[in-house]
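Undergrad: Sending over a structure as structure tokens; questions will come in a sec.
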Amino acid sequence: MRRRIAPVAALVVAVLALAVGLVACGDDSGSKTTKEGDQAKLGGTVKLWIMPNGPKPKEDMEALLKPFEQKTGVKVQTDVVGWDVQFDRIRNAAVSGEAPDVTQAGTTQVPFFAALGGFENIGNRVEDVGGKAAYANGVWQTTQVVGRDGTWALPWFTEARAIYYRKDVLKKAGVDEATAFTDWDAFRNTLEKVKAIKSVGGEPIQPFGSPGKKAFDLVHHVMPFVWDAGGAELSADDKKSTIASPQAEEGVKFVAGLLESGLYDKSQLERDGTQVENQFKGGRLAVWIGGPWVLGSVKRADDENWVPVARKNVGIAPMPTGPQGGYTFVGGSNLMMFKSSKNKAAAWALMKYLSQDQIQADYAAKQGMFPSRIDPQRQAGETNANYGAFFKAIQQGRTYSPIPQWGPIEQAYKARFGNILDQAGGGKISDADIEKQLQGAEKDADALLAQGTG
């Protein structure tokens with residue numbers, strides 16, 4: 001999700017080894033479902049950990065849960081855990097058994113947490129909420145773990161990356177919005193035409209901007225182009241890195257080429273994602289890649305980062321299609337049940353309640369995110385063309401290989417991608433330079449994979 005701080009490469013190797021080692025001995029048995037008619041008899045207390053979702057996370061959640069508490073007699077104790085500490089707290093709780101009943105977790109964290117052995121396999125419960133068919137493929141994948149049968153999380157809310165653009169700028173540049181970002185060639189041609197106009201309303205504007213290595217989510221911005229070119233983060237069996245393959249290199253070279261051509265404002269490389277977002281809101285960028293929370297802020301008068309001309313001219317398009325397809329990163333947050341929960345029936349009832357279409361729609365709207373389920377996603381997409389573009393993006397979304405080691409591997413890729421963009425931003429980068437960085441990333445990732453399976 002937007003504010004998630006990804007696990008760093010410095011995760012203790014011993015903990016990673018423990019996580020993977022426990023795959024073989026963890027309890028993969030499913031859990032019995034709770035009948036709808038039994039909910040009124042549940043009672044007791046369920047402890048829930050959430051992250052700072054929106055400006056008033058505790059108040060919003062407590063208001064959302066009042067009908068559930070009244071119907072079931074279950075008291076939900078909600079604690080807000082900061083994104084800067086949540087990884088360690090969830091990991092420690094899973095290992096120690098001193099845990100709440102249910103926790104929110106970033107989608108790319110689920111495999112690591114599940115491999116610790118401290119979470120419930122909810123595979124025999126998920127048909128209560130429609131099972132796999134109720135979710136887009138990329139969203140459902142975030143509940144799975146390579147090498148383990150079962151379902152280890154329930155999708156809660158979703159985000160995807162899409163193209164943000166200024167309608168007025170494209171109009172001045174003579175670009176048709178309907179075809180401006182359909183594929184790589186159209187994307188590049190649009191940026192070239194925007195570059196040629198130099199300014200709008202007397203204010204200078206850059207064609208495109210995206211964050212560099214200061215952004216925790218840099219990999220989310222680059223990997224869609226790798227996927228578009230037929231590349232992947234790992235081999236099909238998830239045992240080797242493939243980030244240095246010719247296909248992956250083609251995707252990275254496309255992004256680096258935008259910098260070399262002056263279509264990608266190199267000053268944005270010194271900013272994180274939020275800072276680049278504010279550059280778009282402030283009218284200094286014509287095109288940017290972002291998540292749905294930005295669209296959700298357009299009507300918020302308290303978001304003073306928007307200048308009027310940018311606020312009233314926001315357009316959204318799905319990510320461009322490349323030589324081998326069109327993809328985007330899809331993420332967000334899931335819900336996981338701790339195995340140590342003393343009230344699993346009530347814990348599942350809570351997760352089931354939070355999976356209702358209208359509940360998901362209401363909660364996602366407060367955060368500027370999307371529901372995780374297809375039906376309320378579709379309803380949101382029917383609101384207007386911009387939300388429709390995000391709905392389409394989610395349906396073509398992909399996530400990373402669901403392996404416990406993904407966190408540190410992502411950090412290794414982030415570092416190398418950052419080096420490539422920095423060098424390209426200097427004006428020139430050779431194919432050999434890109435190959436060297438990607439080979440380094442592949443070597444780093446393979447070492448992490450070996451540590452996890454050795």
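Identifiers for the structure tokens are assigned positionally: chains receive A, B, ... in sequence, residues are indexed from 1 per chain, and ligands are indexed from 1 in the order shown.
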What's around Gly106 (chain A) at 12 Å? Count only C-alpha atoms, leave out sequence neighbours fewer than 3 positions away in its own chain, and write the answer as a PyMOL selection string.

TA: chain A and resi 1-7+50-51+53+83+86-87+90+103+109-113+139+142-143+153-159+330-336+399+407

Undergrad: From the DSSP assignment of the backbone, select every residue of region 151-295 of chain A that is strand (DSSP E or B), and format the answer as a ChimeraX atom specification.

TA: /A:154-160,162-166,183,199-200,203-204,206-209,234,241,264,285-290

Undergrad: So, counting only C-alpha atoms, which residue among A:Lys281, A:Arg125, A:Lys312, A:Lys71 is closest to Ala345 (chain A)?

TA: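 The answer is A:Arg125, which sits nearest to Ala345 (chain A).
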
Undergrad: Given only C-alpha atoms as the basis, pick out the residue of A:Gln70, A:Gln358, A:Gln396, A:Gln324 nearest to Ala232 (chain A).

TA: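 With only C-alpha atoms as the atom set, the closest residue is A:Gln324.
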
Undergrad: Applying 10 Å and only C-alpha atoms, which residues near Lys339 (chain A) remain after dropping the ones on its own chain fewer than 6 positions away? List them as a list in words.

TA: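 The contact residues come out as Asp27, Ala94, Gly97, Ala99, Pro100, Asp101, Val102, Gly117, Gly118, Phe119, Glu120 and Asn121 of chain A.
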
Undergrad: Can you pull out every residue within 7 Å of Lys352 (chain A), counting only C-alpha atoms, but drop anything in the same chain fewer than 4 positions away, and send it as a list of chain:residue names?

TA: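 Non-adjacent residues within range: A:Val129, A:Trp348, A:Gln356.
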